[in-house]
file entry-v7.txt (compact mmCIF, C-alpha atoms (C1' of nucleotides))
# COMPACT_ATOMS: atom_id res chain seq x y z
CA MET A 202 0.00 0.00 0.00
CA SER A 203 1.76 3.05 1.28
CA GLY A 204 5.48 2.90 0.71
CA LEU A 205 7.99 0.74 -1.03
CA ALA A 206 9.29 -2.60 0.18
CA ILE A 207 12.99 -2.92 0.82
CA GLY A 208 13.42 -4.97 -2.34
CA ASP A 209 11.94 -2.20 -4.43
CA VAL A 210 14.27 0.32 -2.86
CA ALA A 211 17.19 -1.98 -3.54
CA GLU A 212 16.19 -2.18 -7.16
CA ARG A 213 15.76 1.54 -7.55
CA THR A 214 18.96 2.55 -5.85
CA GLY A 215 21.18 -0.33 -6.89
CA LEU A 216 22.01 -1.02 -3.26
CA ALA A 217 21.85 -4.49 -1.76
CA VAL A 218 18.98 -5.21 0.61
CA SER A 219 21.51 -5.99 3.31
CA ALA A 220 23.19 -2.65 2.77
CA ILE A 221 19.93 -0.79 3.20
CA ARG A 222 19.27 -2.56 6.48
CA PHE A 223 22.83 -1.83 7.51
CA TYR A 224 22.28 1.87 6.83
CA GLU A 225 19.18 1.78 8.97
CA GLU A 226 21.23 0.42 11.85
CA HIS A 227 23.41 3.48 11.43
CA GLY A 228 20.47 5.85 11.51
CA ILE A 229 20.62 6.88 7.88
CA VAL A 230 17.05 5.87 7.13
CA ARG A 231 14.18 5.12 9.49
CA PRO A 232 11.47 3.43 7.46
CA LEU A 233 7.99 2.86 8.85
CA ARG A 234 6.72 -0.66 9.41
CA ASN A 235 3.54 -2.22 8.15
CA ALA A 236 1.29 -4.52 10.20
CA GLY A 237 3.49 -7.52 9.50
CA GLY A 238 6.66 -5.74 10.56
CA HIS A 239 7.98 -5.19 7.06
CA ARG A 240 9.79 -1.96 6.29
CA ARG A 241 8.05 0.65 4.15
CA TYR A 242 10.07 3.36 2.42
CA ASP A 243 9.07 6.60 0.74
CA ARG A 244 10.81 8.90 -1.68
CA ALA A 245 12.54 10.79 1.09
CA ASP A 246 14.32 7.58 2.07
CA ILE A 247 15.45 6.97 -1.46
CA ARG A 248 16.76 10.48 -1.57
CA ARG A 249 18.73 9.90 1.60
CA LEU A 250 20.17 6.67 0.24
CA SER A 251 21.13 8.37 -2.99
CA PHE A 252 22.83 11.04 -0.99
CA VAL A 253 24.78 8.35 0.83
CA MET A 254 25.92 6.86 -2.44
CA ILE A 255 27.18 10.15 -3.77
CA ALA A 256 28.87 11.07 -0.53
CA GLN A 257 30.58 7.71 -0.36
CA ARG A 258 31.84 8.17 -3.85
CA LEU A 259 33.47 11.32 -2.58
CA GLY A 260 35.13 9.37 0.19
CA PHE A 261 33.03 10.42 3.15
CA PRO A 262 32.84 7.90 5.96
CA LEU A 263 29.39 6.64 6.85
CA ALA A 264 29.45 8.15 10.30
CA ARG A 265 29.99 11.59 8.84
CA ILE A 266 27.24 11.09 6.28
CA ALA A 267 24.88 9.96 9.02
CA ALA A 268 25.74 13.06 11.01
CA LEU A 269 25.03 15.31 8.04
CA LEU A 270 21.67 13.71 7.42
CA GLU A 271 20.92 14.01 11.09
CA GLU A 272 21.01 17.75 10.64
CA LEU A 273 18.12 17.70 8.24
CA PRO A 274 15.02 18.93 10.08
CA ASP A 275 12.47 16.16 10.20
CA GLU A 276 12.94 12.88 8.45
CA ARG A 277 9.88 13.36 6.28
CA ARG A 278 9.61 17.10 6.09
CA VAL A 279 12.76 18.06 4.26
CA THR A 280 12.31 21.11 2.11
CA LYS A 281 13.86 22.06 -1.16
CA ALA A 282 15.98 24.60 0.71
CA ASP A 283 17.41 21.85 2.92
CA TRP A 284 18.51 19.77 -0.01
CA THR A 285 19.84 22.77 -1.81
CA ARG A 286 21.96 23.66 1.17
CA LEU A 287 23.37 20.14 1.37
CA SER A 288 23.99 20.00 -2.35
CA THR A 289 25.74 23.32 -2.32
CA GLN A 290 28.05 22.15 0.43
CA PHE A 291 28.84 19.12 -1.63
CA ARG A 292 29.58 21.25 -4.61
CA GLY A 293 32.25 22.91 -2.55
CA GLU A 294 33.70 19.57 -1.61
CA ILE A 295 33.81 18.46 -5.20
CA ASP A 296 35.52 21.66 -6.25
CA ALA A 297 38.11 21.17 -3.55
CA ARG A 298 38.81 17.67 -4.72
CA ILE A 299 39.13 18.73 -8.29
CA ALA A 300 41.59 21.40 -7.27
CA ALA A 301 43.62 18.91 -5.25
CA LEU A 302 43.79 16.51 -8.16
CA GLU A 303 44.86 19.29 -10.46
CA ARG A 304 47.67 20.19 -8.09
CA LEU A 305 48.77 16.56 -7.98
CA ARG A 306 48.65 16.34 -11.74
CA ASP A 307 50.78 19.45 -12.14
CA ARG A 308 53.25 18.17 -9.62
CA LEU A 309 53.44 14.86 -11.42
CA ASP A 310 53.95 16.64 -14.71
CA GLY A 311 56.94 18.28 -13.17
CA CYS A 312 58.36 14.90 -12.17
CA ILE A 313 57.81 13.42 -15.59
CA GLY A 314 59.46 16.39 -17.21
CA CYS A 315 62.50 16.59 -15.02
CA GLY A 316 63.03 12.88 -14.64
CA CYS A 317 64.21 13.48 -11.12
CA LEU A 318 63.08 10.03 -10.04
CA SER A 319 62.08 11.61 -6.78
CA LEU A 320 58.39 11.30 -6.49
CA GLU A 321 58.85 11.29 -2.78
CA SER A 322 60.17 14.79 -2.73
CA CYS A 323 58.31 16.45 -5.55
CA ALA A 324 54.88 14.87 -5.35
CA LEU A 325 54.57 13.63 -1.84
CA HIS A 326 56.85 15.20 0.61
CA ASN A 327 54.79 18.27 0.37
CA PRO A 328 52.79 18.96 3.47
CA ASP A 329 49.99 21.03 2.00
CA ASP A 330 49.17 18.27 -0.39
CA ALA A 331 48.98 15.73 2.36
CA GLN A 332 45.69 17.33 3.30
CA ALA A 333 44.40 17.05 -0.21
CA LYS A 334 43.68 13.38 0.13
CA GLU A 335 41.42 11.59 -2.25
CA GLY A 336 40.13 8.12 -1.60
CA PRO A 337 39.99 7.16 2.02
CA GLY A 338 42.26 4.47 3.30
CA PRO A 339 40.47 2.73 6.18
CA ARG A 340 42.53 4.37 8.84
CA LYS A 341 43.03 7.61 6.98
CA LEU A 342 39.48 8.63 7.61
CA LEU A 343 40.03 8.91 11.30
CA ASP A 344 42.72 11.47 11.59
CA GLU A 345 41.74 13.43 8.59
CA ASP A 346 39.18 15.96 7.70
CA GLY A 347 37.78 15.43 4.28
CA GLN A 348 34.79 17.07 5.86
CA LEU A 349 32.01 19.19 4.63
CA PRO A 350 32.29 22.76 5.84
CA GLY A 351 28.79 22.56 7.33
CA MET B 272 76.18 0.98 6.71
CA SER B 273 74.70 0.44 3.30
CA GLY B 274 71.04 1.21 3.32
CA LEU B 275 68.49 2.66 5.65
CA ALA B 276 66.91 0.94 8.62
CA ILE B 277 63.16 0.50 8.60
CA GLY B 278 62.75 3.25 11.17
CA ASP B 279 64.55 5.72 8.95
CA VAL B 280 62.33 4.82 6.04
CA ALA B 281 59.29 5.25 8.24
CA GLU B 282 60.49 8.68 9.19
CA ARG B 283 61.20 9.73 5.62
CA THR B 284 57.98 8.47 4.13
CA GLY B 285 55.64 9.12 7.00
CA LEU B 286 54.55 5.49 6.97
CA ALA B 287 54.40 3.37 10.09
CA VAL B 288 57.07 0.74 10.51
CA SER B 289 54.34 -1.89 10.64
CA ALA B 290 52.92 -0.65 7.35
CA ILE B 291 56.29 -0.95 5.64
CA ARG B 292 56.63 -4.53 6.79
CA PHE B 293 53.07 -5.16 5.69
CA TYR B 294 53.91 -3.86 2.21
CA GLU B 295 56.87 -6.17 2.06
CA GLU B 296 54.59 -9.12 2.75
CA HIS B 297 52.67 -8.00 -0.29
CA GLY B 298 55.73 -7.84 -2.48
CA ILE B 299 55.86 -4.09 -2.80
CA VAL B 300 59.38 -3.78 -1.47
CA ARG B 301 62.06 -6.42 -1.02
CA PRO B 302 64.74 -4.91 1.17
CA LEU B 303 68.10 -6.60 1.64
CA ARG B 304 69.11 -7.92 5.04
CA ASN B 305 72.23 -7.19 7.00
CA ALA B 306 74.22 -9.79 8.96
CA GLY B 307 71.87 -9.56 11.90
CA GLY B 308 68.75 -10.02 9.80
CA HIS B 309 67.68 -6.40 9.89
CA ARG B 310 66.13 -4.90 6.76
CA ARG B 311 68.15 -2.42 4.72
CA TYR B 312 66.43 -0.08 2.28
CA ASP B 313 67.73 2.10 -0.52
CA ARG B 314 66.30 5.03 -2.43
CA ALA B 315 64.53 2.76 -4.89
CA ASP B 316 62.50 1.34 -2.04
CA ILE B 317 61.52 4.76 -0.84
CA ARG B 318 60.45 5.59 -4.37
CA ARG B 319 58.28 2.51 -4.49
CA LEU B 320 56.72 3.33 -1.16
CA SER B 321 56.04 6.87 -2.28
CA PHE B 322 54.41 5.51 -5.37
CA VAL B 323 52.19 3.35 -3.17
CA MET B 324 51.13 6.37 -1.18
CA ILE B 325 50.16 8.34 -4.23
CA ALA B 326 48.37 5.42 -5.83
CA GLN B 327 46.44 4.78 -2.65
CA ARG B 328 45.40 8.37 -2.55
CA LEU B 329 43.91 7.79 -5.96
CA GLY B 330 41.98 4.81 -4.65
CA PHE B 331 43.98 1.96 -6.11
CA PRO B 332 43.87 -1.25 -4.14
CA LEU B 333 47.18 -2.55 -2.87
CA ALA B 334 47.03 -5.68 -4.97
CA ARG B 335 46.80 -3.61 -8.11
CA ILE B 336 49.64 -1.36 -7.01
CA ALA B 337 51.79 -4.39 -6.28
CA ALA B 338 51.03 -5.73 -9.74
CA LEU B 339 52.04 -2.46 -11.35
CA LEU B 340 55.31 -2.35 -9.46
CA GLU B 341 55.88 -5.96 -10.38
CA GLU B 342 56.11 -4.83 -13.98
CA LEU B 343 59.10 -2.67 -13.29
CA PRO B 344 62.18 -4.45 -14.63
CA ASP B 345 64.53 -5.21 -11.78
CA GLU B 346 63.94 -4.02 -8.29
CA ARG B 347 67.13 -2.03 -8.20
CA ARG B 348 67.67 -1.17 -11.83
CA VAL B 349 64.68 0.97 -12.63
CA THR B 350 65.41 3.57 -15.23
CA LYS B 351 64.08 7.04 -15.70
CA ALA B 352 62.05 5.74 -18.63
CA ASP B 353 60.35 3.20 -16.40
CA TRP B 354 59.24 5.78 -13.91
CA THR B 355 58.18 8.13 -16.63
CA ARG B 356 55.98 5.44 -18.14
CA LEU B 357 54.37 4.72 -14.79
CA SER B 358 53.89 8.40 -14.06
CA THR B 359 52.34 9.01 -17.42
CA GLN B 360 49.84 6.25 -16.88
CA PHE B 361 48.95 7.81 -13.58
CA ARG B 362 48.49 11.14 -15.22
CA GLY B 363 45.82 9.53 -17.36
CA GLU B 364 44.10 8.18 -14.29
CA ILE B 365 44.14 11.54 -12.62
CA ASP B 366 42.71 13.20 -15.71
CA ALA B 367 39.93 10.64 -15.79
CA ARG B 368 39.07 11.31 -12.19
CA ILE B 369 39.02 15.01 -12.69
CA ALA B 370 36.70 14.57 -15.64
CA ALA B 371 34.38 12.33 -13.61
CA LEU B 372 34.23 14.84 -10.80
CA GLU B 373 33.48 17.62 -13.22
CA ARG B 374 30.59 15.64 -14.66
CA LEU B 375 29.25 15.02 -11.17
CA ARG B 376 29.57 18.67 -10.33
CA ASP B 377 27.68 19.71 -13.45
CA ARG B 378 24.97 17.20 -12.73
CA LEU B 379 24.69 18.45 -9.19
CA ASP B 380 24.49 22.03 -10.41
CA GLY B 381 21.47 20.98 -12.41
CA CYS B 382 19.82 19.55 -9.31
CA ILE B 383 20.49 22.63 -7.26
CA GLY B 384 19.15 24.82 -10.00
CA CYS B 385 15.99 22.92 -10.73
CA GLY B 386 15.20 21.98 -7.16
CA CYS B 387 13.84 18.68 -8.40
CA LEU B 388 14.70 16.96 -5.14
CA SER B 389 15.60 13.97 -7.21
CA LEU B 390 19.26 13.42 -6.73
CA GLU B 391 18.62 9.76 -7.38
CA SER B 392 17.55 10.39 -10.92
CA CYS B 393 19.66 13.35 -11.96
CA ALA B 394 22.95 12.66 -10.26
CA LEU B 395 22.99 9.00 -9.62
CA HIS B 396 20.66 6.93 -11.71
CA ASN B 397 22.94 7.49 -14.58
CA PRO B 398 24.79 4.39 -15.65
CA ASP B 399 27.83 5.97 -17.25
CA ASP B 400 28.59 7.81 -14.10
CA ALA B 401 28.35 4.68 -12.01
CA GLN B 402 31.64 3.70 -13.57
CA ALA B 403 33.22 6.99 -12.68
CA LYS B 404 33.61 6.02 -9.06
CA GLU B 405 35.90 7.88 -6.80
CA GLY B 406 36.98 6.56 -3.47
CA PRO B 407 36.81 2.80 -3.19
CA GLY B 408 34.34 1.23 -0.84
CA PRO B 409 35.78 -2.01 0.47
CA ARG B 410 33.65 -4.20 -1.73
CA LYS B 411 33.53 -1.81 -4.62
CA LEU B 412 37.10 -2.55 -5.50
CA LEU B 413 36.32 -6.09 -6.44
CA ASP B 414 33.78 -5.74 -9.17
CA GLU B 415 35.09 -2.52 -10.47
CA ASP B 416 37.89 -1.37 -12.64
CA GLY B 417 39.40 1.86 -11.49
CA GLN B 418 42.43 0.42 -13.21
CA LEU B 419 45.35 1.85 -14.96
CA PRO B 420 45.27 1.29 -18.70
CA GLY B 421 48.70 -0.33 -18.58
C1' DG C 113 79.93 -4.79 29.40
C1' DT C 114 75.73 -2.92 30.70
C1' DA C 115 71.59 -0.37 29.59
C1' DC C 116 68.50 1.17 26.30
C1' DT C 117 66.50 1.32 21.83
C1' DT C 118 65.41 -0.78 17.60
C1' DT C 119 64.36 -4.51 15.08
C1' DC C 120 62.99 -9.27 14.44
C1' DT C 121 58.92 -12.94 13.71
C1' DC C 122 54.44 -14.60 14.12
C1' DA C 123 49.84 -14.39 15.55
C1' DA C 124 46.00 -12.03 16.80
C1' DG C 125 43.25 -7.87 16.86
C1' DT C 126 40.93 -3.53 14.78
C1' DG C 127 37.81 -0.50 11.99
C1' DC C 128 34.96 0.15 8.20
C1' DG C 129 31.39 -1.39 5.30
C1' DC C 130 29.04 -4.57 4.30
C1' DT C 131 27.43 -9.93 3.22
C1' DT C 132 26.15 -14.44 4.67
C1' DT C 133 23.84 -17.79 7.39
C1' DA C 134 20.23 -19.71 10.16
C1' DG C 135 15.81 -20.12 11.47
C1' DG C 136 11.91 -18.36 11.08
C1' DT C 137 7.37 -14.98 9.46
C1' DC C 138 4.64 -12.47 5.95
C1' DA C 139 2.47 -11.54 1.51
C1' DA C 140 0.91 -12.66 -3.25
C1' DG C 141 -0.52 -15.65 -6.94
C1' DC C 142 -2.90 -19.65 -8.24
C1' DG D 140 -5.76 -23.03 1.23
C1' DC D 141 -1.22 -23.60 -0.33
C1' DT D 142 2.95 -22.69 -2.17
C1' DT D 143 6.56 -19.67 -3.37
C1' DG D 144 9.19 -15.82 -2.83
C1' DA D 145 10.14 -11.67 -0.14
C1' DC D 146 11.02 -10.25 4.28
C1' DC D 147 12.23 -10.57 9.37
C1' DT D 148 16.12 -10.73 13.35
C1' DA D 149 20.42 -11.79 15.34
C1' DA D 150 24.88 -13.21 15.02
C1' DA D 151 28.81 -14.39 12.59
C1' DG D 152 31.92 -13.80 8.70
C1' DC D 153 34.71 -11.30 5.17
C1' DG D 154 38.06 -8.22 2.60
C1' DC D 155 41.13 -4.65 2.92
C1' DA D 156 44.73 -2.30 5.13
C1' DC D 157 46.91 -2.15 8.73
C1' DT D 158 48.15 -2.17 14.12
C1' DT D 159 49.17 -4.41 18.39
C1' DG D 160 51.30 -7.69 21.38
C1' DA D 161 54.68 -10.99 22.99
C1' DG D 162 59.05 -12.61 23.43
C1' DA D 163 63.64 -12.66 21.62
C1' DA D 164 67.79 -11.00 19.13
C1' DA D 165 70.55 -7.11 17.25
C1' DG D 166 72.43 -2.56 17.34
C1' DT D 167 74.14 1.81 19.89
C1' DA D 168 75.71 4.77 23.49
C1' DC D 169 78.15 5.20 27.39

call {"tool": "encode", "arguments": {"input": "entry-v7.txt", "output": "C-alpha cells"}}
result
Amino acid sequence: MSGLAIGDVAERTGLAVSAIRFYEEHGIVRPLRNAGGHRRYDRADIRRLSFVMIAQRLGFPLARIAALLEELPDERRVTKADWTRLSTQFRGEIDARIAALERLRDRLDGCIGCGCLSLESCALHNPDDAQAKEGPGPRKLLDEDGQLPG
Amino acid sequence: MSGLAIGDVAERTGLAVSAIRFYEEHGIVRPLRNAGGHRRYDRADIRRLSFVMIAQRLGFPLARIAALLEELPDERRVTKADWTRLSTQFRGEIDARIAALERLRDRLDGCIGCGCLSLESCALHNPDDAQAKEGPGPRKLLDEDGQLPG
DNA sequence: GTACTTTCTCAAGTGCGCTTTAGGTCAAGC
DNA sequence: GCTTGACCTAAAGCGCACTTGAGAAAGTAC
C-alpha cells in the first residue's frame, strides 16, 4: 500500500537489501513498518540513500554522512531549501577535490618532465598536499578531515 | 652501513614501521638484510613506497599497485624511462578522475538549480557515471575497474 | 659490558562497510 | 488453502589495510 518494500528500494537505488538494512542500523534511514513488521520506504528515504551513495563516492565515511543527514530537520519534512543547502556544500567539496587533483597532476607533470626520479620529494613530501587526500584508506578517515564545511 | 633501517624509512615516508613490513609481505618492497637479519632499504624502495602512497590516494587497491610495481624491470635497476611510463599512466588516471568529478559537479548544479529533489535520478541513476567512481568502498574494489590502462 | 632502543617474527586484533547464514514470518498468486 | 518468494532478526563472517602484542635478538651509546 503506502510505501515501497525494501526490495523495491534496492532495485531503484542499486544497493543491496543488506546494505539498506545496515544503513538503517546506522540511523541513515528510518522506514515505517507495516502490520506484519515489514519496512516501508518513501521517496525521502530513497533520496537519503542516494545522498549516501554520492557522498561515499566522494570518500566520506558513513558516520559523517549519518551526522550530516541528522542535521536535516524532520525525516519526512525536508524542504527544497534543505537539499539545496546540502547540495551546495557538496559542490564545494567536489571543487576542492578537483583542485587537489589538479595540483597533484601538475606536480606529477613536473616529475615526468625533469626525470628526477624523486616522487617522494616532488609529489609527496609536500605537506599542503597531504591534506588534499582523495580516496579514504580505512585508517586515513580517522585522523583526517575530508569534511564538509557545514 | 649500506642502506636505511626501517625506522629511517618510516620517518622519511611518513609510513608506520608496521605498514612498511606489511607492504613487504605484499611484495611491494624487497629490502636486503644485513648480517643480523635487519632490513636495509635504498632510495629505490623509498620511491616505491612513495608511489604506493600516491596510488592509494587515488583509490587503487594494494594488490593492483603491487602488480604495477611488479612490472618494473629489476627491483634495483629501474630507469628514468620506467618511472616516466608509470607516471604518465597515472596522469591519465588523474585526468579521468578530474573529468568524472566535473561531470558530477555539473549534474549536481542541475539539481540545485531545478530543485527537483531527485538526486537519485539526476545525479545517480545514470549508468555511465556509475563507472566513474571515486573513493573505493571495500567491496567496490572487487567488481570494479578503477584500473590503470597499462 | 651494561643499559636502552630498535628490530625481528608470528599471531591475533581492529575499523569500516558490508554480506552471509540460520531459522523463522509475511504476503501474493494460483 | 497452499505454495513460493520476499522479508524478518540476530549473530557471525569477510576483505582490505593495517596495528598491536609478545618474546627474543641485534644494534648503539656510554

call {"tool": "closest_atom_pairs", "arguments": {"input": "entry-v7.txt", "of": "chain C", "to": "chain A", "cutoff": "7 Å", "atoms": "all atoms listed in the file", "output": "JSON lines"}}
result
{"residue": "C:DC128", "atom": "C1'", "partner": "A:Pro339", "partner_atom": "CA", "distance": 6.4}
{"residue": "C:DC130", "atom": "C1'", "partner": "A:Ala220", "partner_atom": "CA", "distance": 6.3}
{"residue": "C:DC138", "atom": "C1'", "partner": "A:Gly237", "partner_atom": "CA", "distance": 6.2}

call {"tool": "atom_distance", "arguments": {"input": "entry-v7.txt", "atom1": "atom CA of Thr289 of chain A", "atom2": "atom CA of Arg368 of chain B"}}
result
20.5 Å

call {"tool": "closest_atom_pairs", "arguments": {"input": "entry-v7.txt", "of": "chain D", "to": "chain A", "cutoff": "9 Å", "atoms": "all atoms listed in the file", "output": "CSV"}}
result
residue,atom,partner,partner_atom,distance
D:DA145,C1',A:Gly208,CA,7.8
D:DC146,C1',A:His239,CA,6.5
D:DC147,C1',A:His239,CA,7.2
D:DC155,C1',A:Pro339,CA,8.1
D:DA156,C1',A:Pro339,CA,6.7
D:DC157,C1',A:Arg340,CA,7.9

call {"tool": "residues_near_point", "arguments": {"input": "entry-v7.txt", "point": "(70.3, -1.2, 18.0)", "cutoff": "8 Å", "atoms": "all atoms listed in the file", "output": "list in words"}}
result
DT117, DT118 and DT119 of chain C; DA165, DG166 and DT167 of chain D

call {"tool": "atom_distance", "arguments": {"input": "entry-v7.txt", "atom1": "atom CA of Glu342 of chain B", "atom2": "atom CA of Gly274 of chain B"}}
result
23.6 Å

call {"tool": "atom_distance", "arguments": {"input": "entry-v7.txt", "atom1": "atom CA of Arg241 of chain A", "atom2": "atom CA of Arg222 of chain A"}}
result
11.9 Å

call {"tool": "closest_residue", "arguments": {"input": "entry-v7.txt", "among": "B:Val280, B:Ala338, B:Ile299, B:Ile317", "to": "chain A", "atoms": "all atoms listed in the file"}}
result
B:Ile317

call {"tool": "closest_residue", "arguments": {"input": "entry-v7.txt", "among": "B:Ser321, B:Thr350, B:Gln360, B:Ser273", "to": "chain A", "atoms": "only C-alpha atoms"}}
result
B:Ser321

call {"tool": "axis_aligned_box", "arguments": {"input": "entry-v7.txt", "around": "segment 151-157 of chain D", "padding_each_side": "8 Å", "output": "AutoDock Vina command-line options"}}
result
--center_x 37.9 --center_y -8.3 --center_z 7.6 --size_x 34.1 --size_y 28.2 --size_z 26.0

call {"tool": "residues_around", "arguments": {"input": "entry-v7.txt", "residues": "DT142 of chain D", "least_positions_apart": "2", "cutoff": "12 Å", "atoms": "all atoms listed in the file", "output": "list in words"}}
result
DA139, DA140, DG141 and DC142 of chain C; DG140 and DG144 of chain D

call {"tool": "closest_residue", "arguments": {"input": "entry-v7.txt", "among": "A:Ile266, A:Ile295, A:Ala256, A:Leu273", "to": "chain B", "atoms": "all atoms listed in the file"}}
result
A:Ile295

call {"tool": "closest_residue", "arguments": {"input": "entry-v7.txt", "among": "A:Ala267, A:Ala301, A:Leu259, A:Val279", "to": "chain B", "atoms": "only C-alpha atoms"}}
result
A:Leu259

call {"tool": "closest_residue", "arguments": {"input": "entry-v7.txt", "among": "A:Asp243, A:Glu225, A:Asp307, A:Asp209", "to": "chain B", "atoms": "only C-alpha atoms"}}
result
A:Asp307

call {"tool": "closest_residue", "arguments": {"input": "entry-v7.txt", "among": "A:Arg213, A:Arg258, A:Arg244, A:Arg234", "to": "chain B", "atoms": "only C-alpha atoms"}}
result
A:Arg258
